[in-house]
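*Asks:* Mind looking over this structure? Questions follow.
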Amino acid sequence: MFLLPKLLKRFVRHGRLTVITPDNERHVFGSGPAEILFAGQMKTAPAVTVRFHDEKIEREIFLNPEMALAEGYMDGRIDFEDGSSIHDLLSLFWMQRKELRKHPIQKVVRNIRFRIRRFRMHNPLGLAGKKVKHHYDIPTEFYKLWLDETMTYSCAYWHSPETGLEAAQKAKLRHLAAKLKIEPGMTVLDIGSGWGELAIYLAKACGAKVTGLNVSPDQMAAAQKRAEAAGVGDAVTFINKDYRELKGSFDRVVSVGMMEHVGVAHYLEYFEAIRDLLTPDGIALVHCIGRVGPPGFTGPFFDKYIFPGGYAPAMSEVFAAVEQTGLWSSDCEFWRRHYHWTLHAWRERFMAHRPEVVAMMGERFTRMWEFYLSACEISFDIGGDMVFQLLLGPHKSAVPVVRDYITDAEKALEARGF
């Protein structure tokens, strides 16, 4: 190796990284596993042993660490030994990524990616749907292997890490319904309705008439079957449309895990659409992944393989769009650790079913999802990602002036078995 050692000597300050080259030479960086205080938590910087199967991978990682590491693992050009894993390597990376970002070449690469981010997030009608389908038109049977019974593919609401995934997802549904103050007979629009669990819940628990929007035909068809099986097929309708194509008026609008696909250039368009779809006394709730720092960009691996055109916004970008719509921001809640616990549960379930995933989707796809779930879990644990829930309304009295009503409504729903 020639290029990587200089970078890794400066980069690996905690833990230990052993790189085995194709000629079987071992290059060791760092002093060994260590307990360090990181992001307000005591964390173990692990010892990781990685094997390179060809000479080119060193140069590729030096120039484009995230993408080359991901693709190298997906293609079997990189493997792990001594009991270590891709999750361990990503943990080691995250604990020291600030050092990597200081490298002159990485500064140039990051600057270029930031400058072209609007091009990468250009999501007009038609193209936006194609990008979303890239992720959600994977067979439903794959997701059934590792999601919980509610088939909810968004952050759960945990009262503690011991809550359990399914209970936390049901708590999230209660929390959303309570915030929205839904009464029987109200009309609700669910933008990005997934496999329909929220729409089904609002129909059963609150007596709402729900319209779900989804640009993934496969997912929409599965959602409709689930609604019919739940006995609310007459109260829930799923429509294959983009949010910009729908006309009408709804008492409530909810959007969970969909704003991430909008793209920063379309935020004003998105919030204007929500405003125009609300009744004069309506309430909207937006649940979205956000970043704690200033505006950034989506990493190349995620942009290419996981969420093309997707982006987790900075709050300054969110409110800059909202303030131009005339909508009132009635409440904003930040979920700081909830997605870490959700992703940890998903990854454990995924790894428990790994042989079945390989049989269904192949080894390369399985490795891609290992990388994705691990990177996300770590980022929500010690990185700058979180989830926010924003309540919006046409006027300042759209929701009560104190938040007690949310807790009261949650208790009432739970007492009724919801």
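As shown in the structure tokens, the chain order sets the letters A, B, ...; within each chain, residues go from 1, and ligands are also counted from 1 in the order they appear.
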May I have all residues of range 56-300 of chain A that DSSP, computed from the backbone, assigns to strand (DSSP E), given as an MDAnalysis selection string?
*Replies:* chainID A and resid 78:81 187:191 209:213 236:239 250:256 278:291
*Asks:* From the set A:Phe297, A:Trp195, A:Phe2, A:Phe62, which residue has the shortest atom-to-atom contact distance to Met151 in chain A, counting only C-alpha atoms?
*Replies:*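 Smallest separation from Met151 in chain A among the options: A:Trp195.
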*Asks:* Do you have, as CSV, the list of residues of range 167-259 of chain A lying at most 9 Å from range 383-395 of chain A, each with its nearest atom pair and that distance in Å to one decimal, counting only C-alpha atoms and ordered by chain then number?
*Replies:*
residue,atom,partner,partner_atom,distance
A:Lys179,CA,A:Leu391,CA,8.0
A:Leu180,CA,A:Leu391,CA,8.3
A:Val256,CA,A:Gln389,CA,8.8
*Asks:* Under the rule that only C-alpha atoms are counted, which of A:Ala412, A:Met258, A:Met351, A:Ala229 is the nearest residue to Tyr270 in chain A?
*Replies:*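 Smallest distance to Tyr270 in chain A is found for A:Met258.
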*Asks:* Contacts of Gly83 in chain A at 12 Å or less, counting only C-alpha atoms, minus same-chain residues fewer than 3 places along, as an mmCIF file with C-alpha atoms, in the first residue's frame?
*Replies:*
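What follows is the written file out-v7.cif:
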data_model
loop_
_atom_site.group_PDB
_atom_site.id
_atom_site.type_symbol
_atom_site.label_atom_id
_atom_site.label_comp_id
_atom_site.auth_asym_id
_atom_site.auth_seq_id
_atom_site.Cartn_x
_atom_site.Cartn_y
_atom_site.Cartn_z
ATOM 1 C CA PRO A 46 -13.277 -1.361 18.102
ATOM 2 C CA ALA A 47 -10.475 -3.407 16.603
ATOM 3 C CA VAL A 48 -11.251 -4.186 12.948
ATOM 4 C CA THR A 49 -9.470 -6.459 10.479
ATOM 5 C CA VAL A 50 -10.256 -5.870 6.820
ATOM 6 C CA ASP A 79 -14.042 -8.841 3.554
ATOM 7 C CA PHE A 80 -13.564 -8.922 7.318
ATOM 8 C CA ILE A 86 -18.756 -3.925 8.307
ATOM 9 C CA HIS A 87 -20.679 -2.547 11.292
ATOM 10 C CA ASP A 88 -17.449 -2.425 13.318
ATOM 11 C CA LEU A 89 -15.591 -0.629 10.540
#
*Asks:* Choose the residue, out of A:Phe238, A:Phe38, A:Phe350, A:Phe371, that has the smallest atom-to-atom separation from Ala199 in chain A; count only C-alpha atoms.
*Replies:*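 Residue with the minimum atom-to-atom distance to Ala199 in chain A: A:Phe238.
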*Asks:* Give me the residues within 12 Å of Trp346 in chain A as a ChimeraX atom specification, counting only C-alpha atoms and dropping any in the same chain fewer than 3 places off.
*Replies:* /A:143-148,151-156,164-166,339-343,349-354,369-370,372-374,376-377
*Asks:* Can you list, as a compact mmCIF listing (two decimals) with N, CA, C and O atoms, in the first residue's frame, every protein, DNA or RNA residue that comes within 12 Å of Lys304 in chain A when you count only C-alpha atoms, leaving out same-chain residues fewer than 2 positions away?
*Replies:*
# COMPACT_ATOMS: atom_id res chain seq x y z
N GLU A 66 -16.44 6.57 1.19
CA GLU A 66 -17.76 5.99 1.44
C GLU A 66 -18.20 5.07 0.30
O GLU A 66 -18.57 3.92 0.53
N MET A 67 -18.14 5.58 -0.92
CA MET A 67 -18.62 4.79 -2.05
C MET A 67 -17.74 3.58 -2.32
O MET A 67 -18.24 2.47 -2.54
N ALA A 70 -18.28 0.92 0.36
CA ALA A 70 -19.57 0.26 0.20
C ALA A 70 -19.56 -0.69 -0.99
O ALA A 70 -19.94 -1.86 -0.88
N GLU A 71 -19.13 -0.19 -2.14
CA GLU A 71 -19.14 -1.02 -3.34
C GLU A 71 -18.12 -2.15 -3.23
O GLU A 71 -18.37 -3.26 -3.73
N ARG A 120 -28.60 16.92 -7.95
CA ARG A 120 -28.86 15.55 -7.54
C ARG A 120 -30.25 15.41 -6.93
O ARG A 120 -30.84 14.34 -6.97
N MET A 121 -30.77 16.51 -6.35
CA MET A 121 -32.09 16.47 -5.70
C MET A 121 -33.18 17.08 -6.58
O MET A 121 -34.22 17.49 -6.07
N LYS A 131 -37.67 7.71 -8.76
CA LYS A 131 -36.63 7.62 -7.73
C LYS A 131 -37.15 6.91 -6.49
O LYS A 131 -36.45 6.09 -5.88
N HIS A 134 -37.41 3.15 -6.78
CA HIS A 134 -36.12 2.46 -6.67
C HIS A 134 -36.00 1.77 -5.32
O HIS A 134 -35.43 0.67 -5.22
N HIS A 135 -36.55 2.39 -4.28
CA HIS A 135 -36.41 1.84 -2.93
C HIS A 135 -37.62 1.01 -2.50
O HIS A 135 -37.47 0.01 -1.79
N THR A 298 -26.40 14.59 0.56
CA THR A 298 -26.56 13.16 0.76
C THR A 298 -25.30 12.44 0.31
O THR A 298 -24.76 12.74 -0.76
N GLY A 299 -24.82 11.51 1.12
CA GLY A 299 -23.62 10.76 0.76
C GLY A 299 -23.78 10.00 -0.54
O GLY A 299 -24.91 9.61 -0.91
N PRO A 300 -22.70 9.76 -1.27
CA PRO A 300 -22.79 9.15 -2.59
C PRO A 300 -23.39 7.75 -2.60
O PRO A 300 -24.12 7.38 -3.52
N PHE A 301 -23.10 6.93 -1.59
CA PHE A 301 -23.67 5.60 -1.53
C PHE A 301 -25.19 5.66 -1.40
O PHE A 301 -25.92 4.98 -2.13
N PHE A 302 -25.67 6.50 -0.48
CA PHE A 302 -27.11 6.61 -0.27
C PHE A 302 -27.79 7.21 -1.50
O PHE A 302 -28.89 6.80 -1.87
N ILE A 306 -29.61 3.80 -2.33
CA ILE A 306 -30.67 3.68 -1.35
C ILE A 306 -31.81 4.67 -1.61
O ILE A 306 -32.95 4.27 -1.85
N PHE A 307 -31.53 5.95 -1.56
CA PHE A 307 -32.56 6.97 -1.75
C PHE A 307 -32.12 7.98 -2.81
O PHE A 307 -31.72 9.11 -2.48
N PRO A 308 -32.19 7.62 -4.08
CA PRO A 308 -31.81 8.58 -5.13
C PRO A 308 -32.65 9.86 -5.02
O PRO A 308 -33.87 9.81 -4.90
N GLY A 309 -31.97 11.00 -5.02
CA GLY A 309 -32.67 12.27 -4.91
C GLY A 309 -33.12 12.62 -3.51
O GLY A 309 -33.76 13.65 -3.29
N GLY A 310 -32.81 11.77 -2.52
CA GLY A 310 -33.25 12.00 -1.15
C GLY A 310 -32.29 12.88 -0.37
O GLY A 310 -31.12 13.03 -0.72
N MET A 368 -25.36 -4.78 0.53
CA MET A 368 -25.74 -3.38 0.38
C MET A 368 -26.64 -2.94 1.53
O MET A 368 -26.45 -1.87 2.12
N TYR A 372 -26.15 -0.20 4.56
CA TYR A 372 -27.17 0.84 4.75
C TYR A 372 -27.68 0.87 6.19
O TYR A 372 -27.68 1.92 6.86
*Asks:* As a PyMOL selection string, please: all residues of range 236-399 of chain A that backbone DSSP puts in helix (DSSP H, G or I).
*Replies:* chain A and resi 259-261+264-277+300-306+315-322+338-352+354-361+363-382
*Asks:* Find the spatial neighbours of Thr211 in chain A, counting only C-alpha atoms, within a cut-off of 10 Å - ignore same-chain residues fewer than 3 positions away - and output them as a ChimeraX atom specification.
*Replies:* /A:187-191,193,199,208,214,235-239,250,253
